[in-house]
Each structure stands twice: as C-alpha cells, then as structure tokens.
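Shown next: my_file-v9.cif, given as mmCIF, C-alpha atoms.
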data_input
loop_
_atom_site.label_atom_id
_atom_site.label_comp_id
_atom_site.auth_asym_id
_atom_site.auth_seq_id
_atom_site.Cartn_x
_atom_site.Cartn_y
_atom_site.Cartn_z
CA MET D 1 -4.26 42.99 -0.02
CA ALA D 2 -1.21 40.81 -0.70
CA ARG D 3 -1.24 39.56 2.89
CA LYS D 4 -4.91 38.53 2.64
CA GLN D 5 -4.20 36.75 -0.63
CA HIS D 6 -1.29 34.86 0.93
CA VAL D 7 -3.44 33.75 3.85
CA ARG D 8 -6.33 32.73 1.57
CA GLN D 9 -4.04 30.68 -0.67
CA PHE D 10 -2.35 29.09 2.33
CA LEU D 11 -5.68 28.07 3.86
CA GLY D 12 -6.98 26.73 0.55
CA ASN D 13 -3.98 24.50 -0.02
CA SER D 14 -4.08 23.48 3.61
CA VAL D 15 -7.40 21.70 3.02
CA TRP D 16 -5.62 18.96 1.08
CA SER D 17 -2.78 18.97 3.54
CA GLY D 18 -5.32 18.68 6.35
CA LEU D 19 -6.93 15.60 4.83
CA SER D 20 -3.55 13.90 4.56
CA THR D 21 -2.39 14.84 8.02
CA VAL D 22 -5.68 13.97 9.70
CA ALA D 23 -5.35 10.49 8.21
CA ARG D 24 -1.75 10.14 9.35
CA ALA D 25 -2.37 11.61 12.80
CA GLY D 26 -5.52 9.51 13.24
CA SER D 27 -3.62 6.38 12.29
CA SER D 28 -0.80 7.25 14.68
CA LEU D 29 -3.18 7.93 17.55
CA LEU D 30 -5.10 4.70 17.03
CA ILE D 31 -1.90 2.66 16.85
CA ASN D 32 -0.69 4.33 20.05
CA LYS D 33 -4.03 3.47 21.67
CA LEU D 34 -3.77 -0.18 20.66
CA PHE D 35 -0.23 -0.54 22.02
CA ALA D 36 -1.22 1.30 25.21
CA VAL D 37 -4.23 -0.92 25.88
CA TYR D 38 -2.57 -4.25 25.08
CA TYR D 39 1.00 -3.63 26.22
CA GLY D 40 0.76 -0.67 28.64
CA PRO D 41 3.46 2.00 29.23
CA HIS D 42 6.12 -0.64 28.52
CA GLY D 43 4.68 -1.09 25.03
CA ILE D 44 4.52 2.65 24.38
CA THR D 45 8.20 3.01 25.28
CA LEU D 46 9.25 0.27 22.86
CA LEU D 47 6.92 1.54 20.13
CA ALA D 48 8.55 4.98 20.42
CA HIS D 49 12.00 3.38 20.38
CA PHE D 50 11.14 1.35 17.27
CA GLN D 51 9.70 4.37 15.44
CA ASN D 52 12.86 6.27 16.39
CA LEU D 53 14.91 3.42 14.91
CA ILE D 54 12.96 3.72 11.65
CA ALA D 55 13.60 7.47 11.69
CA LEU D 56 17.34 6.89 12.09
CA LEU D 57 17.29 4.81 8.90
CA THR D 58 15.10 7.16 6.85
CA THR D 59 16.11 10.66 7.97
CA LEU D 60 18.98 11.06 5.50
CA PRO D 61 16.94 9.91 2.48
CA ASN D 62 13.66 11.61 3.39
CA SER D 63 14.65 14.72 5.34
CA GLY D 64 17.75 15.30 3.23
CA VAL D 65 17.62 14.05 -0.33
CA ASN D 66 13.84 14.26 -0.73
CA VAL D 67 13.60 17.77 0.72
CA GLY D 68 16.11 18.93 -1.88
CA LEU D 69 14.21 17.07 -4.60
CA ILE D 70 11.01 18.92 -3.79
CA LEU D 71 12.82 22.20 -4.35
CA TYR D 72 14.51 21.26 -7.62
CA LEU D 73 11.84 19.05 -9.21
CA ALA D 74 9.32 21.85 -8.61
CA GLN D 75 11.39 24.13 -10.85
CA HIS D 76 11.51 21.84 -13.91
CA LYS D 77 9.01 20.06 -16.15
CA PRO D 78 8.90 16.23 -16.04
CA ASP D 79 10.06 16.01 -19.67
CA SER D 80 13.15 18.19 -19.13
CA SER D 81 16.71 16.91 -18.85
CA GLU D 82 17.10 18.73 -15.53
CA TYR D 83 14.12 16.92 -14.03
CA ARG D 84 15.49 13.57 -15.21
CA ALA D 85 18.90 14.27 -13.71
CA TYR D 86 17.52 15.25 -10.30
CA PHE D 87 15.04 12.35 -10.25
CA TRP D 88 17.56 9.55 -10.83
CA THR D 89 20.31 11.14 -8.76
CA GLY D 90 17.84 11.53 -5.91
CA LEU D 91 16.79 7.89 -6.12
CA PHE D 92 20.43 6.79 -6.12
CA LEU D 93 21.22 8.93 -3.08
CA ASN D 94 18.19 7.49 -1.28
CA ALA D 95 19.70 4.02 -1.59
CA VAL D 96 23.24 5.07 -0.64
CA THR D 97 22.23 7.06 2.43
CA PHE D 98 19.95 4.30 3.69
CA LEU D 99 22.74 1.72 3.41
CA GLY D 100 25.09 4.08 5.25
CA ALA D 101 22.64 4.53 8.13
CA LEU D 102 21.98 0.77 8.23
CA GLY D 103 25.71 0.12 8.45
CA GLY D 104 25.97 2.46 11.42
CA ILE D 105 23.22 0.62 13.28
CA LEU D 106 24.66 -2.83 12.50
CA LEU D 107 28.00 -1.70 13.95
CA PHE D 108 26.29 -1.23 17.34
CA PRO D 109 23.42 -3.78 17.41
CA GLY D 110 23.46 -4.05 21.18
CA PHE D 111 22.84 -0.34 21.74
CA PHE D 112 20.14 0.04 19.09
CA LEU D 113 18.34 -3.31 19.45
CA GLU D 114 18.85 -4.54 23.02
CA ARG D 115 15.62 -2.99 24.31
CA PHE D 116 13.61 -5.14 21.92
CA GLY D 117 14.89 -8.35 23.49
CA GLU D 118 16.75 -11.41 22.36
CA GLU D 119 14.14 -12.21 19.71
CA MET D 120 14.98 -9.21 17.55
CA LEU D 121 18.72 -9.68 18.06
CA ALA D 122 18.39 -13.29 16.90
CA GLN D 123 16.41 -12.22 13.84
CA SER D 124 19.20 -9.88 12.77
CA SER D 125 21.18 -12.87 11.41
CA SER D 126 18.30 -14.87 9.93
CA PHE D 127 16.04 -14.76 6.89
CA SER D 128 13.91 -12.18 8.71
CA LEU D 129 16.68 -9.64 8.14
CA TRP D 130 16.08 -9.80 4.39
CA ALA D 131 12.34 -9.42 4.89
CA VAL D 132 12.86 -6.34 7.05
CA LEU D 133 15.29 -4.89 4.51
CA GLY D 134 12.68 -5.43 1.80
CA LEU D 135 10.11 -3.56 3.86
CA PHE D 136 12.52 -0.67 4.35
CA VAL D 137 13.12 -0.52 0.58
CA LEU D 138 9.36 -0.23 0.05
CA LEU D 139 9.17 2.44 2.76
CA LEU D 140 11.94 4.44 1.11
CA LEU D 141 10.19 4.16 -2.27
CA GLN D 142 6.92 5.33 -0.77
CA LEU D 143 8.60 8.39 0.77
CA PHE D 144 10.33 9.10 -2.55
CA TRP D 145 7.06 8.90 -4.53
CA LEU D 146 5.36 11.22 -2.04
CA SER D 147 8.14 13.77 -2.50
CA VAL D 148 7.81 13.59 -6.30
CA LEU D 149 4.04 14.15 -6.04
CA LEU D 150 4.55 17.01 -3.63
CA ALA D 151 7.13 18.67 -5.87
CA ARG D 152 4.59 18.72 -8.71
CA GLN D 153 1.84 19.88 -6.29
CA ALA D 154 -0.19 16.75 -7.10
CA LEU D 155 -1.91 17.00 -3.74
CA GLN D 156 -4.90 14.76 -4.46
CA PRO D 157 -2.92 11.58 -5.25
CA TYR D 158 -0.57 12.52 -2.40
CA VAL D 159 -3.50 12.54 0.00
CA TRP D 160 -4.96 9.27 -1.29
CA LEU D 161 -1.61 7.50 -1.01
CA SER D 162 -1.18 8.80 2.54
CA LEU D 163 -4.70 7.65 3.40
CA LEU D 164 -4.01 4.17 2.01
CA THR D 165 -0.86 3.89 4.12
CA SER D 166 -2.80 4.91 7.22
CA LEU D 167 -5.58 2.39 6.62
CA ILE D 168 -3.17 -0.49 6.00
CA SER D 169 -1.17 0.40 9.11
CA ILE D 170 -4.29 0.42 11.26
CA ALA D 171 -5.56 -2.87 9.85
CA VAL D 172 -2.27 -4.73 10.30
CA THR D 173 -1.65 -3.36 13.80
CA TRP D 174 -5.23 -4.06 14.88
CA TRP D 175 -4.77 -7.71 13.92
CA ALA D 176 -1.30 -8.05 15.48
CA VAL D 177 -1.61 -6.45 18.93
CA GLY D 178 -2.72 -8.80 21.67
CA ARG D 179 -2.15 -11.85 19.45
CA LEU D 180 1.59 -11.64 18.93
CA HIS D 181 4.66 -10.92 21.00
CA LEU D 182 5.42 -7.21 21.23
CA THR D 183 8.47 -7.39 18.95
CA MET D 184 6.47 -9.17 16.23
CA ALA D 185 3.71 -6.58 16.52
CA LEU D 186 6.36 -3.92 15.93
CA ALA D 187 7.59 -5.76 12.83
CA LEU D 188 4.05 -5.88 11.43
CA PHE D 189 3.69 -2.19 12.15
CA LEU D 190 6.56 -1.70 9.69
CA VAL D 191 4.65 -3.78 7.13
CA GLY D 192 1.71 -1.40 7.36
CA GLN D 193 3.95 1.61 6.88
CA SER D 194 5.74 0.32 3.79
CA VAL D 195 3.52 -1.77 1.49
CA SER D 196 1.93 1.23 -0.23
CA GLY D 197 5.31 1.89 -1.83
CA LEU D 198 4.18 -0.41 -4.64
CA VAL D 199 0.96 1.54 -5.09
CA GLY D 200 2.93 4.77 -5.16
CA LEU D 201 4.97 3.46 -8.09
CA GLY D 202 1.77 2.95 -10.07
CA VAL D 203 0.57 6.45 -9.21
CA VAL D 204 3.71 8.29 -10.35
CA LEU D 205 3.87 6.19 -13.53
CA TYR D 206 0.24 7.04 -14.29
CA LYS D 207 0.91 10.75 -13.69
CA GLY D 208 3.89 10.65 -16.05
CA LEU D 209 6.34 11.71 -13.35
CA VAL D 210 8.95 8.96 -13.93
CA PRO D 211 11.40 10.15 -16.59
CA SER D 212 13.45 7.96 -18.91
CA TRP D 213 16.46 6.24 -17.36
CA GLN D 214 19.64 8.20 -16.79
CA GLY D 215 22.66 6.46 -15.35
CA ALA D 216 24.95 9.48 -15.23
CA LEU D 217 25.00 11.50 -12.02
CA PRO D 218 25.84 15.14 -12.84
CA LYS D 219 28.28 16.72 -10.41
CA SER D 220 26.18 19.88 -10.12
CA VAL D 221 23.09 17.85 -9.17
CA LEU D 222 25.05 15.89 -6.57
CA GLN D 223 26.28 19.16 -5.10
CA ASP D 224 22.77 20.65 -5.02
CA LEU D 225 21.25 17.64 -3.26
CA GLY D 226 24.37 17.18 -1.16
CA LYS D 227 23.68 20.47 0.63
CA PHE D 228 20.37 19.13 1.89
CA LEU D 229 21.96 15.80 2.71
CA VAL D 230 24.54 17.45 4.94
CA MET D 231 21.78 19.41 6.67
CA ALA D 232 19.83 16.18 7.22
CA LEU D 233 22.94 14.59 8.72
CA SER D 234 22.89 17.24 11.41
CA THR D 235 19.18 16.51 11.96
CA LEU D 236 19.96 12.80 12.22
CA ILE D 237 22.55 13.45 14.92
CA GLY D 238 21.07 16.52 16.62
CA ALA D 239 17.45 15.32 16.70
CA LYS D 240 16.81 11.64 15.90
CA LEU D 241 19.90 10.18 17.53
CA VAL D 242 19.56 12.59 20.45
CA ASP D 243 15.97 11.43 20.99
CA PHE D 244 17.14 7.80 21.03
CA VAL D 245 19.94 8.59 23.49
CA VAL D 246 17.66 10.62 25.79
CA ARG D 247 15.11 7.81 25.85
CA GLU D 248 17.91 5.40 26.77
CA MET D 249 18.96 7.76 29.57
CA ALA D 250 15.38 7.84 30.86
CA ILE D 251 15.05 4.05 30.76
CA GLU D 252 18.32 3.71 32.68
CA GLN D 253 17.27 6.32 35.27
CA PHE D 254 13.71 5.10 35.73
CA SER D 255 12.15 2.07 33.99
CA LEU D 256 10.30 1.12 30.82
CA VAL D 257 6.98 1.76 32.56
CA GLU D 258 7.84 5.19 33.99
CA THR D 259 9.50 6.19 30.74
CA GLY D 260 6.29 5.12 29.01
CA LEU D 261 4.33 7.78 30.91
CA TRP D 262 6.64 10.48 29.58
CA GLN D 263 6.56 8.92 26.12
CA ALA D 264 2.76 9.04 26.14
CA VAL D 265 2.95 12.82 26.51
CA VAL D 266 5.61 13.00 23.81
CA LYS D 267 3.49 10.87 21.46
CA ILE D 268 0.50 13.14 21.91
CA SER D 269 2.83 16.02 21.12
CA ASP D 270 4.14 14.18 18.05
CA SER D 271 0.58 13.67 16.80
CA TYR D 272 -0.42 17.32 16.63
CA THR D 273 3.03 18.47 15.54
CA MET D 274 2.76 15.93 12.71
CA VAL D 275 -0.32 17.76 11.49
CA TYR D 276 1.44 21.11 11.83
CA ILE D 277 4.68 20.13 10.15
CA SER D 278 2.84 18.39 7.34
CA ILE D 279 0.96 21.61 6.57
CA LEU D 280 4.25 23.50 6.62
CA GLY D 281 5.87 20.90 4.38
CA MET D 282 3.04 20.66 1.85
CA VAL D 283 2.01 24.31 1.65
CA TYR D 284 4.51 26.66 3.31
CA TYR D 285 7.83 25.13 2.20
CA PRO D 286 7.00 24.87 -1.55
CA LYS D 287 5.68 28.46 -1.49
CA ILE D 288 8.76 29.98 0.13
CA ALA D 289 10.88 27.95 -2.33
CA VAL D 290 9.06 29.69 -5.19
CA LEU D 291 9.42 33.11 -3.53
CA LEU D 292 13.10 32.66 -2.75
CA PRO D 293 14.28 34.86 -5.67
CA GLN D 294 11.91 37.64 -4.46
CA PRO D 295 13.19 38.71 -1.01
CA GLU D 296 10.51 41.31 -0.31
CA ALA D 297 7.67 39.00 -1.35
CA LEU D 298 9.22 36.26 0.79
CA LYS D 299 9.32 38.54 3.85
CA GLU D 300 5.69 39.56 3.34
CA TYR D 301 4.58 35.94 2.99
CA VAL D 302 6.51 34.82 6.09
CA LYS D 303 5.04 37.65 8.19
CA SER D 304 1.53 36.76 6.98
CA ILE D 305 1.84 33.09 7.87
CA PHE D 306 3.63 33.83 11.16
CA SER D 307 0.83 36.14 12.31
CA LEU D 308 -1.74 33.49 11.35
CA LEU D 309 -0.11 30.42 12.86
CA VAL D 310 1.33 31.64 16.17
CA PRO D 311 -2.00 32.60 17.82
CA ALA D 312 -3.73 29.57 16.29
CA VAL D 313 -1.11 27.22 17.72
CA GLY D 314 -1.25 28.91 21.12
CA LEU D 315 -5.03 28.63 21.30
CA GLY D 316 -5.01 24.98 20.25
CA LEU D 317 -2.43 24.04 22.87
CA LEU D 318 -4.37 25.89 25.59
CA VAL D 319 -7.50 23.90 24.73
CA PHE D 320 -5.53 20.67 24.95
CA TRP D 321 -4.06 21.65 28.34
CA TRP D 322 -7.56 22.47 29.65
CA GLN D 323 -8.86 19.03 28.63
CA ARG D 324 -5.65 17.02 29.08
CA ASP D 325 -7.20 14.35 31.31
CA PHE D 326 -9.85 13.66 28.69
CA PHE D 327 -7.29 13.42 25.88
CA ILE D 328 -4.91 11.18 27.83
CA GLN D 329 -7.69 8.67 28.57
CA LEU D 330 -9.07 8.92 25.04
CA LEU D 331 -5.75 8.45 23.29
CA PHE D 332 -4.17 5.99 25.71
CA HIS D 333 -5.72 4.56 28.88
CA ARG D 334 -6.68 5.68 32.37
CA ASP D 335 -3.46 4.05 33.62
CA PHE D 336 -1.61 6.88 31.86
CA LEU D 337 -3.29 9.68 33.86
CA ALA D 338 -0.19 9.87 36.02
CA ALA D 339 1.40 11.62 33.04
CA ARG D 340 -0.92 14.67 33.28
CA ASP D 341 1.58 16.70 35.32
CA LEU D 342 4.18 16.29 32.58
CA THR D 343 2.06 18.09 29.98
CA GLU D 344 2.61 21.70 31.07
CA TYR D 345 6.27 22.07 30.15
CA GLN D 346 5.78 19.80 27.14
CA LEU D 347 3.06 22.08 25.74
CA LEU D 348 5.15 25.19 26.43
CA GLY D 349 8.09 23.64 24.61
CA ASP D 350 5.83 22.62 21.71
CA PHE D 351 4.52 26.17 21.33
CA LEU D 352 8.06 27.55 21.24
CA LYS D 353 9.17 24.86 18.80
CA MET D 354 6.24 25.24 16.41
CA THR D 355 6.68 29.01 16.39
CA ALA D 356 10.38 28.69 15.61
CA TRP D 357 9.74 26.26 12.75
CA VAL D 358 8.07 28.98 10.68
CA LEU D 359 11.43 30.74 10.65
CA SER D 360 13.76 27.72 10.58
CA TYR D 361 12.23 26.57 7.28
CA ILE D 362 13.73 29.68 5.69
CA ILE D 363 17.22 28.42 6.54
CA THR D 364 16.38 25.09 4.89
CA VAL D 365 15.02 26.56 1.67
CA GLN D 366 17.97 28.95 1.44
CA ALA D 367 20.29 25.93 1.79
CA ARG D 368 22.38 27.74 4.43
CA VAL D 369 24.18 24.54 5.26
CA LYS D 370 26.63 25.70 7.93
CA LEU D 371 23.98 27.64 9.84
CA TYR D 372 21.51 24.75 9.70
CA ILE D 373 24.12 22.29 10.96
CA PHE D 374 25.09 24.67 13.76
CA THR D 375 21.52 25.12 15.01
CA GLN D 376 20.67 21.41 14.87
CA LEU D 377 23.82 20.15 16.57
CA ILE D 378 23.93 22.85 19.25
CA SER D 379 20.23 22.34 19.97
CA GLY D 380 20.78 18.60 20.40
CA VAL D 381 23.81 19.07 22.65
CA VAL D 382 21.94 21.60 24.79
CA TYR D 383 19.00 19.19 25.14
CA VAL D 384 21.15 16.25 26.26
CA ALA D 385 22.99 18.50 28.72
CA LEU D 386 19.71 19.82 30.15
CA VAL D 387 18.33 16.29 30.52
CA ALA D 388 21.50 15.12 32.25
CA LEU D 389 21.25 18.09 34.63
CA LEU D 390 17.51 18.22 35.33
CA MET D 391 16.47 14.56 35.28
CA PRO D 392 18.40 13.55 38.44
CA LEU D 393 17.13 16.69 40.24
CA LEU D 394 13.46 16.69 39.17
CA GLY D 395 12.78 13.13 38.08
CA LEU D 396 10.44 12.71 35.11
CA ASP D 397 9.52 16.42 35.31
CA GLY D 398 13.06 17.25 34.21
CA LEU D 399 12.45 15.75 30.75
CA PRO D 400 9.68 18.11 29.54
CA MET D 401 11.34 21.04 31.31
CA ALA D 402 14.52 20.39 29.32
CA HIS D 403 12.36 20.28 26.18
CA ALA D 404 10.84 23.70 26.96
CA ILE D 405 14.17 25.39 27.75
CA ARG D 406 15.75 23.92 24.62
CA TYR D 407 13.12 25.34 22.28
CA GLY D 408 12.92 28.64 24.13
CA LEU D 409 16.57 29.18 23.25
CA TYR D 410 15.93 27.87 19.72
CA LEU D 411 13.13 30.39 19.14
CA LEU D 412 15.11 33.32 20.53
CA PHE D 413 17.95 32.53 18.15
CA HIS D 414 15.65 32.46 15.09
CA LEU D 415 13.81 35.62 16.10
CA TYR D 416 17.15 37.41 16.30
CA LEU D 417 18.37 35.90 13.02
CA PHE D 418 15.26 36.98 11.09
CA ARG D 419 14.55 40.20 12.98
CA SER D 420 14.55 42.13 9.68
CA TYR D 421 11.41 40.20 8.63
CA PHE D 422 9.48 41.88 11.44
CA SER D 423 11.01 45.34 11.40
CA ALA D 424 8.90 48.38 10.53
CA GLU D 425 8.39 49.09 6.83
#
Rendering of file as structure tokens:
Amino acid sequence: MARKQHVRQFLGNSVWSGLSTVARAGSSLLINKLFAVYYGPHGITLLAHFQNLIALLTTLPNSGVNVGLILYLAQHKPDSSEYRAYFWTGLFLNAVTFLGALGGILLFPGFFLERFGEEMLAQSSSFSLWAVLGLFVLLLLQLFWLSVLLARQALQPYVWLSLLTSLISIAVTWWAVGRLHLTMALALFLVGQSVSGLVGLGVVLYKGLVPSWQGALPKSVLQDLGKFLVMALSTLIGAKLVDFVVREMAIEQFSLVETGLWQAVVKISDSYTMVYISILGMVYYPKIAVLLPQPEALKEYVKSIFSLLVPAVGLGLLVFWWQRDFFIQLLFHRDFLAARDLTEYQLLGDFLKMTAWVLSYIITVQARVKLYIFTQLISGVVYVALVALLMPLLGLDGLPMAHAIRYGLYLLFHLYLFRSYFSAE
C-alpha cells in the first residue's frame, strides 16, 4: 500500500514538473534546430561549447549552494530566523562562487574563448564585458529564485517562470540566427536565458519568500551550505570541465564539423535527460530530503521509484533508437544523419547513467561529501582516459563508447553501495 501511495504521489507531482521540463526541453530542441539549420554542425559544436561555458560559471552557485538551500529552506518557515539566515547566506555564496569561477576563466581566456573567434576575445576587454556580466547576474538570480520556489514546493509559479524563460529564449534566438554572426547569436542566447531573473524577483516578493535583511553569516549555515558547495566543486571539475576538455580533444582530433555530428547526438541526449533530471530534482530530491530521518521509509520510497523509472527509461530509449533517423532529421537536419551510428552506445550510456542517478541522489541528500567528491572526480578521470584511449582507435565511435563504459562502472558502484536498499525484507 505504501509503495502504491509513493508512486501515486510521485506521478501527481511530476505533472507540474513535466510542464516545466517540456517547456525547457522544447525550447532547447528548437534552439538546437535553429543553430543546426543556419550554422550547421559547426554551429552546434560552438553552441554546445558556449552552453558548457555558462555551466562552468553557474555550477557552483546552482548545483552547490542552491541544492543545499532547497534542503534547508524546505525545513523552515519563511518568517523564521533560520530561513532568513539560509536565504541571505545562500545569496552571498552565489555571488562569491560565481566571481571565483569567472576569475578562473579569465586566467585562461585563450583556452576557454579561442573557439569563439577573435570577436569574443576582443569583447572581453570592452563595454560588452559589463553587459555580459550583467546578464550572468540576472541568470544567477533567476536560478536562485527557482530554488527558493522549489524549496517551498511552489510548483505553479516555478513552472510559469520556467515557461517564460523558454519563450523569451526562443523568441530572441529566432530573431538572431541567420541575421547575426554566430558569436553574437550566442550572446543573444544568453539574453534569453537570463532576463526572467527580474520577473522571478517579483514572483518571490509576491509569495512572501524574501525575508528581512540579515547581514550576518552564521558559521553553522556556512558549514551546512559549504558541504554542498564542495560537492558541486567536484561536479564542476569531474563533469562540466571534463566535458569542455573532451570536446576540445575531439575538435583537435577531428574538426568542428565532425565534432558537431557527435554533439548533435549528445544534445539529443541532453534534452531527454533534462526532462528526467528535472523530475528527479523537483519531485524525488525534495521527497528523499524529507524522508532522510526515516531510513526505512526512505528505502521503501527509493525502491518504489527505482522500480518505476528503470523500465520506463529503458522503454523510452528503445523507442528513440528505433526511430532515430526520424528524430535526428526532426531535431536537427538531414545533414546530421551521419550521426545515426553514434546513437547506440550513447543511448546505452544514458540508460546506465539515468538508472544510477536514482541512487546517486541519496549521496547528495545525505551530504556525504567525501564519497560524492570521490565518485565525481574518479568518474571524470575515467572518462577522459577512455576518450584518450578509444578516440584514436575508433574515431568518433570512441566518444559514445567511452560514455557507455564510464556510466556502466558508475552504476555498478552505486548498486554495490546501496545494495541494502534492494535486499530481501
């Protein structure tokens, strides 16, 4: 009975999550389509590189500080002193971590910006730098507001704010592609992603979720959020930076065009995993955070969701593989059909990864910092090593094969770690 109730509640909350993620995934797919049609595989490679650059700047604030905020803000009322302390400390840490990541990129502008051409490098010392920084501030605020709404389970305004961001991104990109140079189109893509940060401020103020000002930063709050920040640092290095480095390796080995074929497959993968991880983040993560003090209830809930999601994910990926030619032409262009042979290992790796995520979220919510860092960094190192080994031997096929082997090992590790969750009663 409890298992059926867990599944029913999960599916009910997933409706709102689904609306949000459909909007985000739809926006992402349409933007990919526009860049593919107007700029070809070359454009898809640089779009992926630019989005990766944005991720490098926002991972610490969003995947670190904000993930911790969701946990702690969910446990306190907006009028409590605890809520106020976590809110303002979280906002402060958002700013500090962003500036730290920005400093790291500005130390190596050639490595991070050279693929975007001389135009972007020239802009880094002009007035445009301040405009871009302003857009990133708005983007950080938007991500912060979304986390606050999610912590309070205000799913309806969360969905509407996500939908607004998607619509603005589509509108701006639609106008820019084909009219402007590729690097300028990328800059306007950032505009579409960030401007709803101002709207988000109005939403959280209206909902009464912005507490009175507190300048003091309690040591205990810094320590609580710092655990998640350290875990996000390992994600930044073991995932986001690794992705950037691997893409650079592919560009050096092949070309922007050939790399674009592989990136088209990766972007399709990113689109459906975005839907999946959003559901986990909006529904699964807050629930296991609540159940954390109840180990037996937590195990029962995890088993229920695991048994629901694994076959559903497998079936969905099989359908995609069956109709991969249709989806490649629909989402990109017929010129990208050469990428069809890269989908098999990519889909296998995605299945293994999405299965493992159900278990890896437990490590995050338990704030097992050392274990999380270990898994992220080792996974990233293994991936780079596999790419370096397989890419020269197998060409482009070596990239998705490395992805599949990486997440096969990742899943095996988590199944062993949480084997007690699946043992007989």
Between D:Val358, D:Met231, D:Leu261, D:Leu225, which one has atoms that come closest to D:His414, using all atoms listed in the file?
D:Val358
Take every atom of stretch 330-340 of chain D listed in the file, pad by 4 Å on each side, and give me the axis-aligned box centre and edge lengths in Å, one decimal, as AutoDock Vina command-line options.
--center_x -3.8 --center_y 9.4 --center_z 29.7 --size_x 18.5 --size_y 18.6 --size_z 20.7
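Closest approach to D:Arg324 from the set D:Leu233, D:Ala264, D:Val221, D:Val381 is made by D:Ala264, with distances taken over all atoms listed in the file.
In this structure, atom CA of D:Pro41 sits 22.3 Å away from atom CA of D:Leu390.
Selection by the PyMOL selection byres ((chain D and resi 347) around 10) on the present file picks out Val265, Val266, Ser269, Gly314, Leu317, Leu318, Phe320, Trp321, Leu342, Thr343, Glu344, Tyr345, Gln346, Leu348, Gly349, Asp350, Phe351, Leu352, Lys353, Pro400, His403 and Ala404 of chain D.
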D:Gln214, D:Gln323, D:Gln153, D:Gln142 ranked by distance to D:Val199, top pick (using all atoms listed in the file)
D:Gln142
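Here the selection is built from all atoms listed in the file, and the residues within 10 Å of (10.5, 10.7, 0.1) turn out to be Thr58, Thr59, Pro61, Asn62, Ser63, Gly64, Val65, Asn66, Val67, Leu69, Ile70, Gly90, Leu91, Asn94, Leu139, Leu140, Leu141, Gln142, Leu143, Phe144, Trp145, Leu146, Ser147, Val148, Leu149 and Leu150 of chain D.
For the set D:Ser379, D:Ser304, D:Ser194, D:Gln156, the residue with the smallest atom-to-atom gap to D:Ala239 is D:Ser379, counting all atoms listed in the file.
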If you apply the PyMOL selection byres ((chain D and resi 34) around 12) to this file, what residues do you get, as JSON, numbers by chain?
{"D": [27, 28, 29, 30, 31, 32, 33, 35, 36, 37, 38, 39, 40, 41, 43, 44, 47, 169, 170, 171, 172, 173, 174, 175, 176, 177, 178, 179, 182, 185, 186, 189, 330, 331, 332, 333]}
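Atom CA of D:Leu337 sits 6.6 Å away from atom CA of D:Asp325.
Each of D:Gly134, D:Val210, D:Phe111, D:Phe336 was checked against D:Val257 using only C-alpha atoms; the smallest atom-to-atom distance is that of D:Phe336.
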If you measure from atom CA of D:Phe112 to atom CA of D:Gly395, what distance in Å do you get, rounded to one decimal?
24.2 Å
